[in-house]
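File shown: my_file.cif (mmCIF, C-alpha atoms).
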data_input
loop_
_atom_site.label_atom_id
_atom_site.label_comp_id
_atom_site.auth_asym_id
_atom_site.auth_seq_id
_atom_site.Cartn_x
_atom_site.Cartn_y
_atom_site.Cartn_z
CA MET G 125 -18.79 -13.03 -42.24
CA ASN G 126 -19.43 -14.43 -38.78
CA THR G 127 -16.70 -15.39 -36.30
CA LYS G 128 -16.87 -19.10 -37.12
CA THR G 129 -16.56 -18.53 -40.86
CA LEU G 130 -13.71 -16.11 -40.28
CA PHE G 131 -11.96 -18.63 -38.05
CA VAL G 132 -12.38 -21.50 -40.55
CA SER G 133 -11.13 -19.27 -43.36
CA ALA G 134 -8.10 -18.22 -41.33
CA ILE G 135 -7.24 -21.83 -40.45
CA ALA G 136 -7.60 -22.80 -44.12
CA LEU G 137 -5.31 -19.91 -45.06
CA THR G 138 -2.80 -20.94 -42.39
CA LEU G 139 -2.78 -24.54 -43.58
CA SER G 140 -2.51 -23.56 -47.22
CA SER G 141 0.35 -21.20 -46.34
CA LEU G 142 2.15 -23.94 -44.46
CA SER G 143 1.59 -26.36 -47.30
CA ILE G 144 3.47 -24.03 -49.65
CA ALA G 145 6.58 -25.33 -47.92
CA GLU G 146 5.67 -28.81 -49.04
CA THR G 147 5.00 -27.81 -52.65
CA PRO G 148 8.03 -28.59 -54.80
CA ALA G 149 7.45 -25.53 -57.00
CA ALA G 150 7.68 -23.16 -54.01
CA LYS G 151 10.68 -24.86 -52.45
CA PRO G 152 14.27 -24.22 -53.44
CA ALA G 153 16.07 -27.15 -55.05
CA GLY G 154 17.85 -27.87 -51.78
CA LEU G 155 17.77 -26.05 -48.48
CA THR G 156 21.09 -24.59 -47.43
CA ASP G 157 22.29 -24.32 -43.83
CA PRO G 158 21.62 -20.54 -43.68
CA GLN G 159 18.07 -21.20 -44.94
CA ILE G 160 17.57 -24.00 -42.40
CA ALA G 161 18.80 -21.67 -39.66
CA HIS G 162 16.23 -19.08 -40.77
CA ILE G 163 13.43 -21.65 -40.67
CA VAL G 164 14.45 -22.69 -37.14
CA VAL G 165 14.54 -19.12 -35.83
CA THR G 166 11.25 -18.22 -37.60
CA ALA G 167 9.40 -21.32 -36.38
CA ASN G 168 10.43 -20.60 -32.79
CA LYS G 169 9.56 -16.89 -32.99
CA ILE G 170 6.09 -17.77 -34.30
CA ASP G 171 5.28 -20.03 -31.38
CA ILE G 172 6.70 -17.55 -28.87
CA GLU G 173 4.36 -14.89 -30.30
CA ALA G 174 1.34 -17.21 -30.16
CA GLY G 175 2.30 -18.27 -26.62
CA ASN G 176 2.55 -14.67 -25.45
CA LEU G 177 -0.85 -13.92 -26.93
CA ALA G 178 -2.33 -16.97 -25.17
CA LYS G 179 -0.72 -15.90 -21.88
CA SER G 180 -2.47 -12.54 -22.15
CA LYS G 181 -5.87 -13.88 -23.21
CA THR G 182 -6.59 -17.27 -21.65
CA LYS G 183 -8.33 -17.85 -18.34
CA ASN G 184 -7.76 -21.59 -18.48
CA LYS G 185 -4.97 -22.83 -16.15
CA ALA G 186 -3.91 -25.70 -18.43
CA VAL G 187 -3.76 -23.45 -21.50
CA LEU G 188 -1.84 -20.82 -19.53
CA SER G 189 0.67 -23.40 -18.32
CA PHE G 190 1.13 -24.77 -21.84
CA ALA G 191 1.56 -21.27 -23.29
CA LYS G 192 4.21 -20.46 -20.67
CA THR G 193 6.09 -23.66 -21.58
CA MET G 194 5.94 -22.77 -25.29
CA VAL G 195 7.43 -19.34 -24.61
CA THR G 196 10.13 -20.79 -22.31
CA ASP G 197 11.09 -23.70 -24.59
CA HIS G 198 11.08 -21.89 -27.92
CA THR G 199 13.02 -18.99 -26.38
CA SER G 200 15.60 -21.48 -25.14
CA VAL G 201 15.88 -23.22 -28.54
CA ASN G 202 16.19 -19.86 -30.31
CA GLY G 203 18.86 -18.73 -27.88
CA GLN G 204 20.94 -21.80 -28.63
CA ALA G 205 20.24 -21.60 -32.38
CA THR G 206 21.33 -17.96 -32.41
CA ALA G 207 24.47 -18.79 -30.42
CA LEU G 208 25.29 -21.55 -32.89
CA VAL G 209 24.84 -19.46 -36.06
CA THR G 210 26.93 -16.70 -34.47
CA LYS G 211 29.66 -19.22 -33.70
CA LEU G 212 29.48 -20.70 -37.21
CA LYS G 213 29.35 -17.20 -38.75
CA VAL G 214 26.21 -18.17 -40.64
CA THR G 215 23.69 -15.48 -41.55
CA PRO G 216 20.17 -16.93 -41.57
CA GLU G 217 18.66 -16.53 -45.04
CA THR G 218 14.98 -15.97 -45.86
CA ASN G 219 13.43 -18.68 -48.00
CA ALA G 220 10.06 -19.92 -49.24
CA THR G 221 9.49 -22.14 -46.21
CA SER G 222 10.22 -19.47 -43.62
CA GLU G 223 8.13 -16.92 -45.56
CA ALA G 224 5.21 -19.35 -45.67
CA LEU G 225 5.53 -19.92 -41.94
CA THR G 226 5.50 -16.17 -41.30
CA LYS G 227 2.40 -15.62 -43.45
CA GLY G 228 0.58 -18.49 -41.77
CA ALA G 229 1.50 -17.14 -38.35
CA ALA G 230 0.20 -13.65 -39.15
CA ALA G 231 -3.14 -15.14 -40.18
CA ASN G 232 -3.26 -17.24 -37.02
CA ILE G 233 -2.50 -14.29 -34.74
CA ALA G 234 -5.14 -12.20 -36.52
CA THR G 235 -7.73 -14.94 -36.00
CA LEU G 236 -6.81 -15.56 -32.37
CA GLY G 237 -7.05 -11.82 -31.73
CA THR G 238 -10.75 -11.89 -32.58
CA LEU G 239 -11.56 -14.74 -30.20
CA LYS G 240 -11.92 -14.99 -26.45
CA ASP G 241 -12.61 -17.42 -23.58
CA LYS G 242 -13.36 -21.02 -24.64
CA ALA G 243 -13.34 -20.18 -28.35
CA PHE G 244 -9.85 -18.74 -27.97
CA ASP G 245 -8.58 -21.72 -25.95
CA LYS G 246 -9.89 -24.18 -28.53
CA ALA G 247 -8.54 -22.25 -31.52
CA TYR G 248 -5.12 -21.76 -29.89
CA THR G 249 -4.88 -25.43 -28.89
CA ASP G 250 -6.06 -26.72 -32.27
CA HIS G 251 -3.52 -24.54 -34.01
CA GLU G 252 -0.73 -25.68 -31.67
CA VAL G 253 -1.50 -29.29 -32.61
CA THR G 254 -1.49 -28.53 -36.34
CA TYR G 255 1.57 -26.31 -36.10
CA HIS G 256 3.69 -28.79 -34.13
CA GLU G 257 2.67 -31.61 -36.50
CA GLN G 258 3.80 -29.45 -39.41
CA VAL G 259 7.06 -28.41 -37.75
CA LEU G 260 7.84 -31.99 -36.72
CA SER G 261 7.25 -33.18 -40.27
CA THR G 262 9.47 -30.41 -41.66
CA ILE G 263 12.24 -31.31 -39.18
CA ASP G 264 12.08 -34.97 -40.19
CA THR G 265 11.72 -34.60 -43.94
CA GLU G 266 13.53 -31.34 -44.70
CA LEU G 267 15.71 -29.90 -41.98
CA ILE G 268 17.59 -32.86 -40.46
CA PRO G 269 18.19 -34.64 -43.80
CA LYS G 270 19.37 -31.45 -45.55
CA ALA G 271 21.51 -29.86 -42.83
CA THR G 272 25.16 -30.29 -43.74
CA ASN G 273 26.90 -28.73 -40.74
CA PRO G 274 27.16 -31.41 -38.02
CA GLU G 275 26.49 -28.91 -35.20
CA LEU G 276 23.38 -27.57 -36.94
CA LYS G 277 22.18 -31.14 -37.55
CA ALA G 278 22.85 -31.98 -33.88
CA LEU G 279 20.85 -28.92 -32.77
CA LEU G 280 17.92 -30.05 -34.91
CA GLU G 281 18.14 -33.57 -33.53
CA LYS G 282 18.16 -32.20 -29.98
CA THR G 283 15.16 -30.00 -30.76
CA ARG G 284 13.04 -32.80 -32.20
CA PRO G 285 12.07 -34.52 -28.87
CA ALA G 286 10.93 -31.16 -27.45
CA ILE G 287 8.69 -30.52 -30.46
CA ALA G 288 7.29 -34.06 -30.21
CA ALA G 289 6.59 -33.46 -26.48
CA HIS G 290 4.84 -30.15 -27.28
CA LEU G 291 2.65 -31.97 -29.79
CA GLU G 292 1.77 -34.67 -27.25
CA HIS G 293 1.04 -32.00 -24.62
CA ALA G 294 -1.18 -30.02 -27.04
CA LYS G 295 -3.09 -33.15 -28.03
CA GLU G 296 -3.74 -33.98 -24.36
CA MET G 297 -4.99 -30.44 -23.80
CA GLN G 298 -7.20 -30.71 -26.89
CA LYS G 299 -8.88 -33.83 -25.43
CA THR G 300 -9.52 -32.03 -22.12
CA LEU G 301 -10.99 -28.96 -23.80
CA THR G 302 -13.44 -30.97 -25.90
CA LYS G 303 -14.86 -32.81 -22.83
CA MET N 3 49.62 -70.48 12.07
CA ILE N 4 48.67 -67.50 9.93
CA PHE N 5 45.65 -69.35 8.52
CA LYS N 6 44.48 -70.13 12.05
CA ARG N 7 44.65 -66.41 12.97
CA ILE N 8 42.68 -65.41 9.88
CA HIS N 9 40.10 -68.07 10.70
CA ILE N 10 39.71 -66.75 14.27
CA LEU N 11 39.46 -63.18 13.00
CA PHE N 12 36.74 -64.22 10.56
CA LEU N 13 34.79 -65.97 13.35
CA VAL N 14 35.01 -62.81 15.49
CA PHE N 15 33.66 -60.74 12.58
CA VAL N 16 30.77 -63.17 12.09
CA MET N 17 29.96 -63.39 15.81
CA PHE N 18 29.82 -59.63 16.29
CA GLY N 19 28.17 -58.92 12.97
CA ILE N 20 31.16 -56.94 11.80
CA ARG N 21 31.67 -56.82 8.10
CA PRO N 22 35.32 -56.27 7.13
CA ILE N 23 34.30 -54.07 4.17
CA GLU N 24 31.33 -51.75 4.58
CA ALA N 25 30.58 -51.39 0.88
CA ASN N 26 27.53 -49.12 1.23
CA SER N 27 28.37 -47.23 4.39
CA LYS N 28 29.39 -44.02 2.64
CA PRO N 29 26.70 -41.75 1.20
CA THR N 30 26.61 -41.97 -2.57
CA THR N 31 25.77 -39.42 -5.23
CA HIS N 32 23.56 -40.88 -7.97
CA SER N 33 23.30 -39.28 -11.41
CA ILE N 34 20.11 -38.82 -13.39
CA SER N 35 20.23 -37.51 -16.92
CA ILE N 36 17.47 -35.31 -18.32
CA LYS N 37 17.62 -35.91 -22.04
CA ASP N 38 15.12 -36.24 -24.90
CA ILE N 39 12.33 -35.10 -22.54
CA LYS N 40 12.97 -38.06 -20.19
CA PHE N 41 14.54 -38.70 -16.80
CA THR N 42 17.07 -41.55 -17.12
CA PRO N 43 16.88 -43.69 -15.06
CA ASP N 44 13.22 -43.00 -14.32
CA ASP N 45 13.09 -45.41 -11.38
CA LEU N 46 15.97 -45.22 -8.91
CA GLU N 47 16.49 -46.92 -5.55
CA ILE N 48 18.87 -45.23 -3.12
CA ASP N 49 19.81 -45.34 0.57
CA ALA N 50 18.81 -42.65 3.06
CA GLY N 51 21.64 -40.13 3.20
CA ASP N 52 22.40 -40.41 -0.52
CA THR N 53 22.32 -37.49 -2.91
CA VAL N 54 20.80 -37.39 -6.38
CA ALA N 55 22.20 -35.09 -9.07
CA TRP N 56 20.08 -34.30 -12.12
CA THR N 57 21.84 -32.87 -15.18
CA ASN N 58 19.81 -31.22 -17.92
CA GLU N 59 21.24 -32.36 -21.26
CA ASP N 60 18.20 -31.11 -23.19
CA ILE N 61 17.87 -27.99 -25.29
CA VAL N 62 14.95 -26.76 -23.15
CA PRO N 63 14.70 -26.09 -19.39
CA HIS N 64 13.21 -28.68 -17.03
CA THR N 65 12.22 -28.89 -13.39
CA VAL N 66 12.49 -31.69 -10.84
CA THR N 67 9.38 -31.27 -8.73
CA ASN N 68 7.56 -33.19 -6.03
CA LYS N 69 4.89 -30.71 -5.00
CA GLY N 70 5.25 -29.73 -1.36
CA ILE N 71 8.54 -31.56 -0.85
CA PHE N 72 11.07 -30.34 -3.39
CA ASP N 73 11.19 -28.13 -6.46
CA SER N 74 14.34 -27.40 -8.42
CA LYS N 75 12.79 -24.45 -10.35
CA PRO N 76 13.87 -24.37 -14.02
CA ILE N 77 17.19 -26.14 -14.65
CA GLN N 78 18.80 -24.65 -17.74
CA THR N 79 20.71 -26.62 -20.40
CA ASN N 80 23.88 -28.20 -18.97
CA ALA N 81 22.99 -27.09 -15.45
CA GLN N 82 22.63 -29.44 -12.50
CA TYR N 83 20.31 -29.78 -9.51
CA LYS N 84 21.31 -31.83 -6.44
CA ARG N 85 19.20 -33.02 -3.53
CA LEU N 86 20.06 -34.95 -0.40
CA PHE N 87 17.49 -37.60 0.59
CA ASN N 88 17.52 -38.24 4.33
CA LYS N 89 13.97 -39.57 4.73
CA LYS N 90 12.91 -43.02 3.63
CA GLY N 91 9.98 -43.32 1.25
CA ASP N 92 8.85 -43.19 -2.35
CA PHE N 93 9.17 -39.85 -4.12
CA THR N 94 7.41 -39.46 -7.45
CA TYR N 95 8.45 -36.33 -9.25
CA THR N 96 7.69 -34.57 -12.50
CA CYS N 97 8.80 -31.70 -14.70
CA THR N 98 6.22 -28.95 -14.28
CA LEU N 99 7.04 -27.63 -17.75
CA HIS N 100 6.54 -31.03 -19.41
CA PRO N 101 3.94 -32.93 -17.35
CA MET N 102 4.42 -36.16 -19.33
CA MET N 103 7.86 -36.52 -17.69
CA ILE N 104 7.35 -38.60 -14.54
CA ALA N 105 9.94 -40.55 -12.53
CA LYS N 106 10.39 -42.09 -9.09
CA ILE N 107 13.02 -42.35 -6.37
CA LYS N 108 12.73 -44.98 -3.65
CA VAL N 109 14.73 -44.17 -0.53
CA LYS N 110 15.48 -47.28 1.57
#

So that I can check it, write out the structure of this file as structure tokens.
Amino acid sequence: MNTKTLFVSAIALTLSSLSIAETPAAKPAGLTDPQIAHIVVTANKIDIEAGNLAKSKTKNKAVLSFAKTMVTDHTSVNGQATALVTKLKVTPETNATSEALTKGAAANIATLGTLKDKAFDKAYTDHEVTYHEQVLSTIDTELIPKATNPELKALLEKTRPAIAAHLEHAKEMQKTLTK
Amino acid sequence: MIFKRIHILFLVFVMFGIRPIEANSKPTTHSISIKDIKFTPDDLEIDAGDTVAWTNEDIVPHTVTNKGIFDSKPIQTNAQYKRLFNKKGDFTYTCTLHPMMIAKIKVK
């Protein structure tokens, strides 16, 4: 299997893993606040890990700057999410969505690990676009509507503009890299 | 009699260009909110000698940066950055972490 085939397969696996969250059969009847908290923490951890990998591998200034922002922002969101669940005495609970995110992330990291230079920058950026689209959609359709605690809902609502900005930023970078 | 005195006083003020109330003589501190990945207001006009205070109400850090002139470094959630503007001119600034955030201050 050549690198391109491996990359395409890994992306397909990542997307199919993420789409598990959208499949009614794999999703619990209704997400609870502890499950939502787990999704938030997992989603942030995943992008911190990808950002750290990009920081260590890229030679592109724009990609490096974006990766640094991802690590900074998602660390900040996770810090505040962790502080909130501690205050609310909520223990984040593993669920189908967070497990699917974790599996998808492992595949993505494995793929990115095999790439370098421009191929790495493109794969990382493409995945950041897909990932932030998926997270934004999950926030809008699952997390905000199903969160019952007002402080957890407020945290999600405050997080949304940052995720939308990351998506916009990644799309801009994608355009630059394809030129 | 009293009206005549007030009238004379008013004429003296007008003649010597003295305004009884100097509304904008004191330096002012203007507030800018950083919220939802935006500076609000994003276009502010101030007088030389005024101060601007940016408060980060977002969940992520931001910077207030005009390369070569001022740089707040990352402003954490609920933290504030203040800057005194003594020089006249237009100052366009951005957040280095989120380059789509651009705003302007005009110092008169």

(request) Could you check how far atom CA of N:Cys97 sits from atom CA of G:Lys192, in Å to one decimal? (result) 13.5 Å

(request) Please report as an NGL selection string which residues of chain N come no farther than 6 Å from chain G, using all atoms listed in the file. (result) :N and (38 or 62 or 99)

(request) For the file shown, report as a list in words the outcome of the PyMOL selection byres ((chain N and resi 58) around 7) at residue level. (result)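 Applied to this file, the PyMOL selection byres ((chain N and resi 58) around 7) selects Ser35, Ile36, Lys37, Trp56, Thr57, Glu59, Asp60, Ile77, Gln78, Thr79, Asn80, Ala81 and Gln82 of chain N.
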
How would the residues just picked look written out with C-alpha atoms as a PDB file, in the coordinates of the input?
ATOM      1  CA  SER N  35      20.230 -37.510 -16.920  1.00  0.00           C
ATOM      2  CA  ILE N  36      17.470 -35.310 -18.320  1.00  0.00           C
ATOM      3  CA  LYS N  37      17.620 -35.910 -22.040  1.00  0.00           C
ATOM      4  CA  TRP N  56      20.080 -34.300 -12.120  1.00  0.00           C
ATOM      5  CA  THR N  57      21.840 -32.870 -15.180  1.00  0.00           C
ATOM      6  CA  GLU N  59      21.240 -32.360 -21.260  1.00  0.00           C
ATOM      7  CA  ASP N  60      18.200 -31.110 -23.190  1.00  0.00           C
ATOM      8  CA  ILE N  77      17.190 -26.140 -14.650  1.00  0.00           C
ATOM      9  CA  GLN N  78      18.800 -24.650 -17.740  1.00  0.00           C
ATOM     10  CA  THR N  79      20.710 -26.620 -20.400  1.00  0.00           C
ATOM     11  CA  ASN N  80      23.880 -28.200 -18.970  1.00  0.00           C
ATOM     12  CA  ALA N  81      22.990 -27.090 -15.450  1.00  0.00           C
ATOM     13  CA  GLN N  82      22.630 -29.440 -12.500  1.00  0.00           C
TER      14      GLN N  82
END

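The space separating atom CA of G:Lys303 from atom CA of G:Ala247 comes to 15.1 Å.
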
(message) Once the PyMOL selection byres ((chain G and resi 186) around 12) is applied to the coordinates I shared, what remains selected? I want it as JSON, numbers by chain.
(response) {"G": [178, 179, 182, 183, 184, 185, 187, 188, 189, 190, 191, 192, 193, 245, 246, 249, 293, 294, 296, 297, 298, 299, 300, 301], "N": [98, 99, 100, 101]}

(request) May I ask for the distance between atom CA of N:Asp49 and atom CA of N:Val109, given in Å to one decimal place? (result) 5.3 Å

(request) Fewer than 2 positions away in the same chain doesn't count, so skip those; otherwise give me all residues within 10 Å of N:Ala105, counting all atoms listed in the file, as a ChimeraX atom specification. (result) /N:40-46,66,93-97,102-103,107

(message) I need the residue nearest N:Thr30 from this list: N:Thr65, N:Thr53, N:Lys108, N:Glu47. Use all atoms listed in the file for the distance.
(response) N:Thr53

(message) Which residues would end up in the selection if the PyMOL selection byres ((chain G and resi 219) around 9) were applied here, given that I need the answer as an MDAnalysis selection string?
(response) chainID G and resid 151:152 155 159:160 162:163 217:218 220:224

(message) Restricting the calculation to all atoms listed in the file: of G:Ala234, G:Leu212, G:Lys169, G:Lys181, which residue gets closest to G:Pro274?
(response)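 That would be G:Leu212, the residue with the smallest distance to G:Pro274.
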
(request) Mind listing whatever residues come within 12 Å of the point (-3.8, -13.2, -30.2)? Use only C-alpha atoms, file coordinates, and give them as a PyMOL selection string. (result) chain G and resi 170-182+191+229-241+243-245+247-248+251

(request) May I ask which of the residues G:Ile263, G:Ile268, G:Ala207, G:Leu225 is the closest one to G:Ala167, counting all atoms listed in the file? (result) G:Leu225
